[in-house]
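Structure below is protein.csv: CSV, C-alpha atoms.
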chain,number,residue,atom,x,y,z
A,1,MET,CA,130.4,90.3,107.2
A,2,LYS,CA,129.6,89.8,110.9
A,3,LYS,CA,128.1,93.1,112.1
A,4,LYS,CA,130.9,94.2,114.4
A,5,ALA,CA,133.1,97.2,113.8
A,6,ILE,CA,136.5,96.7,112.1
A,7,LEU,CA,139.6,98.2,113.7
A,8,ILE,CA,140.5,101.6,112.4
A,9,GLY,CA,144.0,102.9,113.1
A,10,VAL,CA,147.4,101.5,113.4
A,11,MET,CA,148.2,98.4,115.4
A,12,LEU,CA,151.6,98.2,116.9
A,13,LEU,CA,152.6,94.5,117.1
A,14,PHE,CA,155.4,93.8,119.6
A,15,GLY,CA,157.0,90.5,119.0
A,16,ALA,CA,158.1,88.2,121.8
A,17,SER,CA,161.0,85.9,121.6
A,18,VAL,CA,159.7,83.6,124.4
A,19,PHE,CA,156.4,81.8,124.0
A,20,THR,CA,154.1,81.9,127.0
A,21,THR,CA,152.0,79.0,128.2
A,22,THR,CA,148.5,78.2,127.0
A,23,SER,CA,146.0,76.0,128.5
A,24,THR,CA,143.9,72.9,127.8
A,25,ALA,CA,140.1,72.7,127.9
A,26,ASP,CA,140.2,72.4,131.7
A,27,ASN,CA,142.7,75.3,132.0
A,28,THR,CA,145.6,73.0,132.8
A,29,PRO,CA,148.7,74.9,131.6
A,30,LEU,CA,150.5,73.6,128.6
A,31,SER,CA,154.2,74.0,128.5
A,32,SER,CA,155.5,76.3,125.8
A,33,ALA,CA,157.8,73.3,124.9
A,34,ALA,CA,154.7,71.7,123.4
A,35,PHE,CA,154.6,74.5,121.0
A,36,PHE,CA,158.2,74.4,120.0
A,37,ASP,CA,158.0,70.6,119.6
A,38,GLY,CA,155.2,71.0,117.1
A,39,GLY,CA,152.6,69.6,119.4
A,40,LEU,CA,149.2,70.3,120.9
A,41,ILE,CA,148.5,73.9,121.9
A,42,TRP,CA,144.8,73.4,123.0
A,43,GLU,CA,142.0,70.9,122.8
A,44,GLU,CA,138.4,71.0,123.8
A,45,ASN,CA,135.9,68.2,123.9
A,46,PHE,CA,133.3,69.7,126.3
A,47,ASP,CA,133.2,66.5,128.3
A,48,SER,CA,134.5,67.9,131.6
A,49,TYR,CA,131.4,70.2,131.8
A,50,THR,CA,127.9,69.3,133.0
A,51,ALA,CA,125.3,68.8,130.2
A,52,GLY,CA,122.8,71.6,130.3
A,53,SER,CA,125.2,74.1,131.9
A,54,LEU,CA,126.2,77.4,130.4
A,55,LEU,CA,129.5,77.2,128.5
A,56,GLY,CA,130.6,80.8,129.4
A,57,GLY,CA,133.1,80.8,132.3
A,58,GLN,CA,134.2,77.2,131.7
A,59,GLY,CA,137.5,76.2,130.1
A,60,GLY,CA,138.3,79.7,129.0
A,61,TRP,CA,135.1,80.2,127.0
A,62,PHE,CA,133.2,83.5,127.3
A,63,PRO,CA,130.4,85.2,125.3
A,64,TRP,CA,131.3,88.0,122.9
A,65,ASP,CA,131.7,91.2,124.8
A,66,ASN,CA,130.8,89.2,127.9
A,67,ALA,CA,127.1,89.6,127.0
A,68,PRO,CA,125.0,87.1,129.0
A,69,THR,CA,122.5,86.7,126.1
A,70,ALA,CA,125.3,85.4,123.9
A,71,ASP,CA,126.1,82.4,126.1
A,72,ALA,CA,125.6,78.8,124.9
A,73,ASN,CA,124.7,75.5,126.4
A,74,VAL,CA,126.7,72.4,126.9
A,75,SER,CA,124.7,69.6,125.3
A,76,ASP,CA,124.7,65.8,125.4
A,77,LEU,CA,122.2,65.5,122.5
A,78,TYR,CA,125.0,64.9,120.0
A,79,ALA,CA,128.7,64.3,120.5
A,80,HIS,CA,131.5,63.4,118.3
A,81,SER,CA,133.3,61.9,121.2
A,82,PRO,CA,131.4,61.0,124.4
A,83,ASP,CA,129.6,62.7,126.0
A,84,ASN,CA,129.1,66.4,125.2
A,85,SER,CA,129.3,69.1,122.6
A,86,ALA,CA,128.6,72.9,122.4
A,87,GLU,CA,125.2,73.8,121.2
A,88,ILE,CA,125.5,77.1,119.2
A,89,THR,CA,122.0,78.4,118.4
A,90,GLY,CA,119.9,81.6,118.4
A,91,SER,CA,121.9,84.4,120.0
A,92,SER,CA,124.9,82.2,120.9
A,93,ASP,CA,128.3,83.9,120.2
A,94,MET,CA,131.1,82.2,122.1
A,95,VAL,CA,134.8,83.0,122.1
A,96,HIS,CA,138.0,81.2,123.1
A,97,GLU,CA,141.4,82.9,123.0
A,98,TRP,CA,145.0,81.7,122.9
A,99,SER,CA,148.4,83.3,123.5
A,100,ASN,CA,151.3,83.5,121.1
A,101,VAL,CA,150.1,81.1,118.4
A,102,ASN,CA,152.0,83.0,115.8
A,103,TYR,CA,155.0,81.1,114.6
A,104,GLY,CA,155.7,78.6,111.8
A,105,ASN,CA,152.6,76.6,110.9
A,106,CYS,CA,149.4,76.1,112.8
A,107,THR,CA,146.4,73.7,112.3
A,108,PHE,CA,143.0,74.4,113.7
A,109,ARG,CA,140.5,71.5,113.8
A,110,ALA,CA,136.9,71.2,114.8
A,111,TRP,CA,134.0,68.7,114.2
A,112,ALA,CA,130.5,70.0,113.5
A,113,TYR,CA,127.2,68.3,113.4
A,114,VAL,CA,124.4,70.0,111.3
A,115,PRO,CA,121.0,68.4,112.0
A,116,ALA,CA,118.7,67.6,109.1
A,117,ASP,CA,116.2,70.3,110.2
A,118,PHE,CA,118.9,73.0,110.4
A,119,GLU,CA,117.8,76.5,109.3
A,120,GLY,CA,119.8,79.7,108.9
A,121,GLN,CA,123.5,80.6,108.7
A,122,ASN,CA,125.7,79.4,111.5
A,123,TYR,CA,129.3,80.6,111.7
A,124,LEU,CA,132.8,79.4,112.6
A,125,ILE,CA,135.1,82.4,112.8
A,126,LEU,CA,138.9,82.6,113.3
A,127,LEU,CA,140.5,85.9,114.4
A,128,SER,CA,144.0,87.2,114.5
A,129,LEU,CA,143.0,89.7,117.1
A,130,TYR,CA,140.0,89.6,119.5
A,131,ASN,CA,139.2,93.0,120.9
A,132,GLY,CA,135.4,93.2,120.9
A,133,GLY,CA,134.2,95.5,118.1
A,134,SER,CA,137.8,96.3,117.1
A,135,SER,CA,138.7,92.8,116.2
A,136,TYR,CA,140.4,91.3,113.1
A,137,TRP,CA,138.4,88.6,111.4
A,138,ASP,CA,140.6,86.4,109.2
A,139,LEU,CA,138.3,83.6,108.3
A,140,GLN,CA,134.5,83.4,108.4
A,141,LEU,CA,132.8,80.2,107.3
A,142,TYR,CA,129.1,79.4,107.7
A,143,PHE,CA,126.7,76.5,107.2
A,144,ASP,CA,124.0,77.8,104.9
A,145,SER,CA,120.7,75.8,105.0
A,146,THR,CA,119.5,77.4,101.7
A,147,THR,CA,122.3,75.9,99.7
A,148,TYR,CA,123.3,72.9,102.0
A,149,THR,CA,126.9,74.1,101.7
A,150,LEU,CA,129.7,75.3,104.0
A,151,ARG,CA,130.6,78.7,102.5
A,152,ASP,CA,133.3,81.3,102.7
A,153,TYR,CA,131.9,84.7,103.6
A,154,ASP,CA,134.5,86.5,101.5
A,155,SER,CA,134.2,84.6,98.2
A,156,ILE,CA,132.1,82.3,96.1
A,157,ASN,CA,133.9,79.2,97.5
A,158,GLU,CA,131.6,76.6,99.0
A,159,THR,CA,131.5,72.8,99.6
A,160,PRO,CA,128.6,70.5,100.5
A,161,TYR,CA,128.3,69.7,104.2
A,162,GLU,CA,127.3,66.5,106.0
A,163,ILE,CA,123.6,66.5,107.0
A,164,GLY,CA,122.9,64.6,110.2
A,165,GLU,CA,126.5,63.4,110.4
A,166,TRP,CA,129.7,64.8,111.9
A,167,GLY,CA,132.1,66.6,109.5
A,168,GLU,CA,135.6,68.0,110.2
A,169,ILE,CA,136.8,71.5,109.4
A,170,ARG,CA,140.6,71.8,109.3
A,171,VAL,CA,142.4,75.1,108.7
A,172,GLU,CA,146.1,75.0,108.1
A,173,ILE,CA,147.7,78.4,108.6
A,174,ASP,CA,151.2,79.2,107.3
A,175,PHE,CA,152.4,82.3,109.3
A,176,VAL,CA,155.7,82.3,107.3
A,177,ASN,CA,154.0,82.8,103.9
A,178,ASP,CA,150.7,84.5,105.2
A,179,TRP,CA,148.5,81.7,103.8
A,180,GLN,CA,145.6,79.5,104.9
A,181,ASP,CA,144.2,76.3,103.4
A,182,VAL,CA,140.7,75.2,104.5
A,183,TYR,CA,139.6,71.5,104.3
A,184,TYR,CA,136.2,69.9,105.0
A,185,ASN,CA,136.5,66.1,105.6
A,186,ASP,CA,140.0,66.2,104.2
A,187,VAL,CA,139.0,67.9,100.9
A,188,LEU,CA,140.7,71.2,100.2
A,189,TRP,CA,138.1,73.8,99.1
A,190,LEU,CA,139.5,77.2,100.1
A,191,SER,CA,142.9,78.8,99.9
A,192,LYS,CA,143.7,82.5,100.6
A,193,SER,CA,145.8,85.0,102.5
A,194,TRP,CA,145.5,84.9,106.3
A,195,THR,CA,146.0,88.5,107.1
A,196,GLU,CA,143.8,89.7,104.2
A,197,GLY,CA,140.9,87.7,105.3
A,198,THR,CA,137.4,89.0,106.1
A,199,SER,CA,138.3,92.4,107.7
A,200,GLY,CA,141.8,92.7,106.1
A,201,GLY,CA,144.9,94.1,107.8
A,202,GLY,CA,145.1,91.2,110.1
A,203,ILE,CA,148.1,89.9,112.2
A,204,LEU,CA,150.2,86.8,111.7
A,205,GLU,CA,148.7,85.2,114.7
A,206,LEU,CA,145.8,82.9,115.7
A,207,ASP,CA,144.2,84.7,118.6
A,208,ALA,CA,140.7,83.4,119.0
A,209,VAL,CA,137.9,81.3,117.7
A,210,ASP,CA,134.3,82.5,117.6
A,211,LEU,CA,131.2,80.2,117.3
A,212,TRP,CA,128.4,82.5,116.2
A,213,ALA,CA,124.8,81.3,115.6
A,214,ASN,CA,123.6,84.5,113.9
A,215,GLY,CA,120.0,83.6,114.8
A,216,ALA,CA,120.2,80.2,113.2
A,217,SER,CA,119.0,76.9,114.6
A,218,PRO,CA,121.5,74.7,116.4
A,219,VAL,CA,124.8,73.5,115.1
A,220,TYR,CA,126.9,71.3,117.5
A,221,TRP,CA,130.6,71.6,117.9
A,222,ASP,CA,133.0,69.0,119.4
A,223,ASP,CA,136.7,67.9,119.5
A,224,MET,CA,138.3,71.2,118.7
A,225,SER,CA,142.1,71.6,118.8
A,226,VAL,CA,145.0,73.8,117.8
A,227,TRP,CA,148.4,72.4,116.8
A,228,ALA,CA,151.5,74.3,115.9
A,229,THR,CA,154.9,73.5,114.5
A,230,GLU,CA,158.1,75.4,113.8
A,231,PRO,CA,159.0,76.0,110.1
A,232,VAL,CA,161.4,73.4,108.8
A,233,GLU,CA,164.8,74.8,108.6
A,234,GLU,CA,166.1,73.6,105.2
A,235,PRO,CA,169.3,74.2,103.4
A,236,LYS,CA,169.6,75.8,100.0
A,237,LEU,CA,172.5,75.1,97.7
A,238,GLU,CA,174.1,77.5,95.3
A,239,ILE,CA,177.3,77.4,93.1
A,240,GLY,CA,179.3,80.5,93.3
A,241,GLY,CA,182.7,82.0,92.5
A,242,VAL,CA,183.5,80.0,89.3
A,243,THR,CA,187.0,81.2,88.1
A,244,GLY,CA,189.6,79.9,85.7
A,245,GLY,CA,193.3,80.5,85.4
A,246,PHE,CA,195.6,77.7,86.3
A,247,GLY,CA,192.9,75.1,86.8
A,248,LEU,CA,189.3,75.7,87.7
A,249,LYS,CA,187.9,76.8,91.0
A,250,ALA,CA,184.4,77.4,92.4
A,251,SER,CA,182.5,77.2,95.7
A,252,VAL,CA,179.3,75.6,97.1
A,253,LYS,CA,177.2,77.9,99.2
A,254,ASN,CA,174.4,77.1,101.6
A,255,THR,CA,172.0,80.1,101.6
A,256,GLY,CA,169.2,78.3,103.5
A,257,ALA,CA,168.3,78.2,107.1
A,258,GLY,CA,169.4,74.6,107.9
A,259,ALA,CA,172.6,72.7,107.6
A,260,ALA,CA,173.3,70.6,104.5
A,261,THR,CA,174.9,67.2,105.0
A,262,ASN,CA,177.0,65.0,102.7
A,263,VAL,CA,177.1,67.6,99.9
A,264,ASP,CA,178.4,65.8,96.8
A,265,TRP,CA,179.8,68.0,94.1
A,266,THR,CA,180.9,67.4,90.6
A,267,ILE,CA,182.8,69.5,88.0
A,268,THR,CA,182.6,68.2,84.4
A,269,LEU,CA,184.2,69.5,81.2
A,270,ASP,CA,182.9,68.1,77.9
A,271,GLY,CA,185.6,69.4,75.5
A,272,LYS,CA,186.7,66.8,73.0
A,273,LEU,CA,190.3,67.8,73.4
A,274,VAL,CA,190.3,67.9,77.2
A,275,PHE,CA,192.7,65.0,78.0
A,276,LEU,CA,192.9,65.2,81.8
A,277,GLY,CA,190.5,66.6,84.4
A,278,LYS,CA,187.2,66.0,82.5
A,279,SER,CA,185.5,65.0,85.7
A,280,SER,CA,186.2,65.9,89.4
A,281,THR,CA,184.1,65.0,92.4
A,282,GLY,CA,184.2,65.5,96.1
A,283,THR,CA,182.0,65.6,99.3
A,284,ILE,CA,181.6,68.2,102.0
A,285,ALA,CA,180.5,66.4,105.1
A,286,THR,CA,178.5,69.3,106.5
A,287,LEU,CA,177.8,72.8,105.2
A,288,ALA,CA,176.3,75.0,107.8
A,289,ALA,CA,173.6,77.6,107.1
A,290,ALA,CA,175.2,80.7,105.5
A,291,GLY,CA,178.3,78.5,104.9
A,292,GLU,CA,180.5,78.4,101.8
A,293,GLU,CA,183.2,75.9,100.9
A,294,PRO,CA,185.7,76.2,98.0
A,295,ILE,CA,186.0,73.3,95.5
A,296,LYS,CA,188.3,72.8,92.6
A,297,ALA,CA,188.8,70.6,89.6
A,298,SER,CA,191.6,68.1,89.5
A,299,PHE,CA,194.5,68.8,87.2
A,300,ILE,CA,193.2,69.9,83.7
A,301,LEU,CA,195.1,69.5,80.5
A,302,GLY,CA,193.6,70.1,77.0
A,303,ILE,CA,193.0,72.5,74.2
A,304,GLY,CA,189.9,74.2,72.7
A,305,LYS,CA,186.4,75.2,73.8
A,306,THR,CA,184.5,73.3,76.5
A,307,ASN,CA,181.3,73.5,78.4
A,308,ILE,CA,181.6,73.3,82.2
A,309,VAL,CA,178.9,71.9,84.4
A,310,ILE,CA,179.2,72.3,88.2
A,311,SER,CA,176.6,70.6,90.4
A,312,ALA,CA,176.0,69.8,94.0
A,313,THR,CA,173.4,67.7,95.9
A,314,CYS,CA,172.9,66.9,99.6
A,315,ASP,CA,171.1,64.4,101.8
A,316,GLU,CA,168.3,66.8,102.3
A,317,GLY,CA,167.4,66.5,98.7
A,318,LYS,CA,168.5,70.0,97.6
A,319,THR,CA,170.5,70.5,94.4
A,320,ALA,CA,172.3,73.3,92.6
A,321,GLU,CA,173.8,73.5,89.1
A,322,VAL,CA,175.6,76.1,87.0
A,323,THR,CA,176.8,75.8,83.4
A,324,LYS,CA,179.7,77.9,82.0
A,325,THR,CA,181.8,78.0,78.8
A,326,ALA,CA,185.6,78.3,78.7
A,327,LEU,CA,188.7,77.9,76.6
A,328,VAL,CA,191.3,75.4,77.7
A,329,LEU,CA,194.9,76.0,76.8
A,330,GLY,CA,197.1,73.3,78.3
A,331,PRO,CA,196.6,73.5,82.1
A,332,PHE,CA,194.9,76.9,81.8
A,333,VAL,CA,191.2,77.5,81.8
A,334,LEU,CA,190.4,80.9,80.2
A,335,LYS,CA,187.4,83.1,79.3
A,336,VAL,CA,185.1,81.5,81.7
A,337,ALA,CA,181.6,82.9,81.1
Render the structure in this file as structure tokens.
Amino acid sequence: MKKKAILIGVMLLFGASVFTTTSTADNTPLSSAAFFDGGLIWEENFDSYTAGSLLGGQGGWFPWDNAPTADANVSDLYAHSPDNSAEITGSSDMVHEWSNVNYGNCTFRAWAYVPADFEGQNYLILLSLYNGGSSYWDLQLYFDSTTYTLRDYDSINETPYEIGEWGEIRVEIDFVNDWQDVYYNDVLWLSKSWTEGTSGGGILELDAVDLWANGASPVYWDDMSVWATEPVEEPKLEIGGVTGGFGLKASVKNTGAGAATNVDWTITLDGKLVFLGKSSTGTIATLAAAGEEPIKASFILGIGKTNIVISATCDEGKTAEVTKTALVLGPFVLKVA
């Protein structure tokens, strides 16, 4: 693990119902609406900086603990998009923070160029809390010149990296289910908990990225970005309240977070001696989240045992079904179980 102390103690996380603004690479504020619309939170291509200049103090970048020796150079030697990239080498240890990237789903992207003569272990680190030595490290990946692989610090997972070519690292973080999937050039090679990453006990938030050379020769970074979306509010259908007596009644419930539209329901009895009411159908135009609507079979007439199947579907692709048995005596449906 990166040689920095892990936070000891209890962190009190105070949620905020309103998202604050973030900024682009040139510190232009991004509206919080971009976040709610599932859009771009931040992007960085290093092209607005002068090649050869120090990265620290530009576009929100700063060396870890603000140590001058941890600064890095802007380089035009390699670039994924013209003209510059960040050269992370030797003692370089560069951090960029964001605010309130902690809701729904988040995607972090970065392109890395590993030269053919690369030597050492050069890191990309994502943190749910940056606080100097008392930070939470949730993902630590590193290019390893001895194995020619991009490796996960916390496991045996690894994947070959491009040599002398640009390759993309994509990290998809699900804050709802506390999960992260890591891709290299669109190939999924690592999946694990977000909060139980490197240091453990993390927060459901993406707070910072850290580019750490760890004494290695240069790796070049370009076209970095953070995207976020709200979780999809989907319906969930259930059949409830199946009762007999004079006829047959039930209900369709929506226990999901989003509305269900055009809910088609069916009640079917398969008894051989059910003469009337063997199949009944209907449609509920809209069933709101946490909503419930009663349904009932058409007039039933028969005698003997029957199976009852009640089902519902909606335009959102959700389904529900329940099966019961009963005894039909004339228009009465008894012993529903």
Query raised in the report: Which residue gives the smallest distance to A:Ala260 among A:Thr313, A:Ser225, A:Asn105, A:Ser298, with all atoms listed in the file counted?
Result: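 Closest to A:Ala260 of all the choices is A:Thr313.
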Query raised in the report: Which distance in Å separates atom CA of A:Ala110 and atom CA of A:Thr69, to one decimal?
Result: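 Pair atom CA of A:Ala110 / atom CA of A:Thr69 returns 24.0 Å.
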Query raised in the report: If we count only C-alpha atoms, what is near A:Asp186 at a cut-off of 10 Å, once residues fewer than 4 positions away on the same chain are taken out, given as an NGL selection string?
Result: :A and (167-170 or 182)
Query raised in the report: Can you tell me how far atom CA of A:Asp210 sits from atom CA of A:Asn177, in Å to one decimal?
Result: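 A separation of 24.0 Å between them.
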Query - Residues near stretch 325-327 of chain A, cut-off 12 Å, all atoms listed in the file, skip fewer than 6 positions along chain, as a PyMOL selection string - result: chain A and resi 242-248+268-274+300-310+333-337
Report summary line: Shortest contact to A:Trp42, candidates A:Asp223, A:Asp154, A:Glu292, A:Glu172, atoms counted only C-alpha atoms, goes to A:Asp223
Query raised in the report: If I put a ball of radius 9 Å at (147.1, 92.2, 110.2) in the file's coordinates, which residues poke into it when counting only C-alpha atoms, written as a ChimeraX atom specification?
Result: /A:11,128-129,136,138,194-196,200-205
For the selection you just gave me, I'd like the residues written to a file as a PDB file, in the frame of the given file, keeping C-alpha atoms.
ATOM      1  CA  MET A  11     148.200  98.400 115.400  1.00  0.00           C
ATOM      2  CA  SER A 128     144.000  87.200 114.500  1.00  0.00           C
ATOM      3  CA  LEU A 129     143.000  89.700 117.100  1.00  0.00           C
ATOM      4  CA  TYR A 136     140.400  91.300 113.100  1.00  0.00           C
ATOM      5  CA  ASP A 138     140.600  86.400 109.200  1.00  0.00           C
ATOM      6  CA  TRP A 194     145.500  84.900 106.300  1.00  0.00           C
ATOM      7  CA  THR A 195     146.000  88.500 107.100  1.00  0.00           C
ATOM      8  CA  GLU A 196     143.800  89.700 104.200  1.00  0.00           C
ATOM      9  CA  GLY A 200     141.800  92.700 106.100  1.00  0.00           C
ATOM     10  CA  GLY A 201     144.900  94.100 107.800  1.00  0.00           C
ATOM     11  CA  GLY A 202     145.100  91.200 110.100  1.00  0.00           C
ATOM     12  CA  ILE A 203     148.100  89.900 112.200  1.00  0.00           C
ATOM     13  CA  LEU A 204     150.200  86.800 111.700  1.00  0.00           C
ATOM     14  CA  GLU A 205     148.700  85.200 114.700  1.00  0.00           C
TER      15      GLU A 205
END
Query - Between atom CA of A:Gly330 and atom CA of A:Lys253, distance in Å (one decimal) - result: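 These atoms are spaced 29.2 Å apart.
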Using only C-alpha atoms, find each residue of stretch 192-234 of chain A with at least one atom at most 10 Å away from an atom of stretch 52-65 of chain A; report its shortest atom-to-atom pair and that distance in Å (one decimal), sort the rows by chain and rising residue number, and return the result as a tab-separated table.
residue	atom	partner	partner_atom	distance
A:Val209	CA	A:Trp61	CA	9.8
A:Asp210	CA	A:Trp64	CA	8.2
A:Leu211	CA	A:Pro63	CA	9.5
A:Trp212	CA	A:Trp64	CA	9.1
Requested in this report: Name the residues in contact with A:Ile239 at a cut-off of 10 Å, using only C-alpha atoms, excluding same-chain residues fewer than 3 positions from it; report them as a VMD selection string.
Outcome: chain A and resid 242 250 to 254 265 292 to 295 310 to 312 319 to 323
Requested in this report: Choose the residue, out of A:Asn100, A:Gly164, A:Ser134, A:Thr146, that has the smallest atom-to-atom separation from A:Val219; count all atoms listed in the file.
Outcome: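 Distance minimum relative to A:Val219 lands on A:Gly164.
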Query raised in the report: Looking at A:Thr229, A:Val114, A:Leu77, A:Gly133, which one is nearest to A:Pro160, with distances taken over all atoms listed in the file?
Result: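 Result for the nearest residue to A:Pro160: A:Val114.
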Report task. Go through A:Asp315, A:Glu165, A:Glu97, A:Asp71 and flag the residue nearest A:Asp264, using all atoms listed in the file for the distances. Result ->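 Looking at the shortest contact to A:Asp264, the residue is A:Asp315.
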Query - Nearest residue to A:Leu124 from the set A:Val74, A:Ala213, A:Asn185, A:Tyr103 (distances using all atoms listed in the file) - result: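 With all atoms listed in the file as the atom set, the closest residue is A:Ala213.
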Have stretch 247-265 of chain A completed to N, CA, C and O atoms, please, and pass it along as a compact mmCIF listing (two decimals), keeping the file's coordinate frame.
# COMPACT_ATOMS: atom_id res chain seq x y z
N GLY A 247 193.92 75.98 86.21
CA GLY A 247 192.90 75.10 86.80
C GLY A 247 191.54 75.81 86.83
O GLY A 247 191.31 76.86 86.23
N LEU A 248 190.65 75.22 87.58
CA LEU A 248 189.30 75.70 87.70
C LEU A 248 188.82 75.63 89.12
O LEU A 248 188.93 74.57 89.75
N LYS A 249 188.30 76.75 89.63
CA LYS A 249 187.90 76.80 91.00
C LYS A 249 186.40 77.29 91.08
O LYS A 249 185.94 77.98 90.19
N ALA A 250 185.73 76.93 92.15
CA ALA A 250 184.40 77.40 92.40
C ALA A 250 184.09 77.27 93.89
O ALA A 250 185.01 77.02 94.68
N SER A 251 182.84 77.42 94.29
CA SER A 251 182.50 77.20 95.70
C SER A 251 181.03 76.69 95.73
O SER A 251 180.26 76.86 94.79
N VAL A 252 180.71 76.03 96.83
CA VAL A 252 179.30 75.60 97.10
C VAL A 252 178.86 76.42 98.31
O VAL A 252 179.52 76.42 99.36
N LYS A 253 177.72 77.10 98.16
CA LYS A 253 177.20 77.90 99.20
C LYS A 253 175.87 77.29 99.75
O LYS A 253 175.14 76.65 99.01
N ASN A 254 175.63 77.50 101.01
CA ASN A 254 174.40 77.10 101.60
C ASN A 254 173.66 78.41 102.05
O ASN A 254 174.01 79.01 103.06
N THR A 255 172.69 78.85 101.28
CA THR A 255 172.00 80.10 101.60
C THR A 255 170.66 79.86 102.32
O THR A 255 169.86 80.78 102.48
N GLY A 256 170.43 78.61 102.75
CA GLY A 256 169.20 78.30 103.50
C GLY A 256 169.34 78.47 104.95
O GLY A 256 170.33 79.00 105.46
N ALA A 257 168.31 78.00 105.70
CA ALA A 257 168.30 78.20 107.10
C ALA A 257 168.76 76.97 107.92
O ALA A 257 168.97 77.06 109.13
N GLY A 258 168.95 75.83 107.24
CA GLY A 258 169.40 74.60 107.90
C GLY A 258 170.67 74.09 107.31
O GLY A 258 171.05 74.43 106.18
N ALA A 259 171.36 73.23 108.04
CA ALA A 259 172.60 72.70 107.60
C ALA A 259 172.37 71.64 106.45
O ALA A 259 171.35 70.95 106.43
N ALA A 260 173.33 71.58 105.52
CA ALA A 260 173.30 70.60 104.50
C ALA A 260 174.35 69.52 104.79
O ALA A 260 175.48 69.84 105.15
N THR A 261 173.96 68.25 104.67
CA THR A 261 174.90 67.20 105.00
C THR A 261 175.21 66.33 103.78
O THR A 261 174.39 66.17 102.88
N ASN A 262 176.46 65.82 103.77
CA ASN A 262 177.00 65.00 102.70
C ASN A 262 176.70 65.68 101.32
O ASN A 262 175.99 65.15 100.45
N VAL A 263 177.30 66.83 101.17
CA VAL A 263 177.10 67.60 99.90
C VAL A 263 178.11 67.05 98.89
O VAL A 263 179.33 67.24 98.98
N ASP A 264 177.58 66.34 97.92
CA ASP A 264 178.40 65.80 96.80
C ASP A 264 178.44 66.76 95.68
O ASP A 264 177.39 67.19 95.18
N TRP A 265 179.65 67.09 95.24
CA TRP A 265 179.80 68.00 94.10
C TRP A 265 180.53 67.40 92.97
O TRP A 265 181.32 66.47 93.15
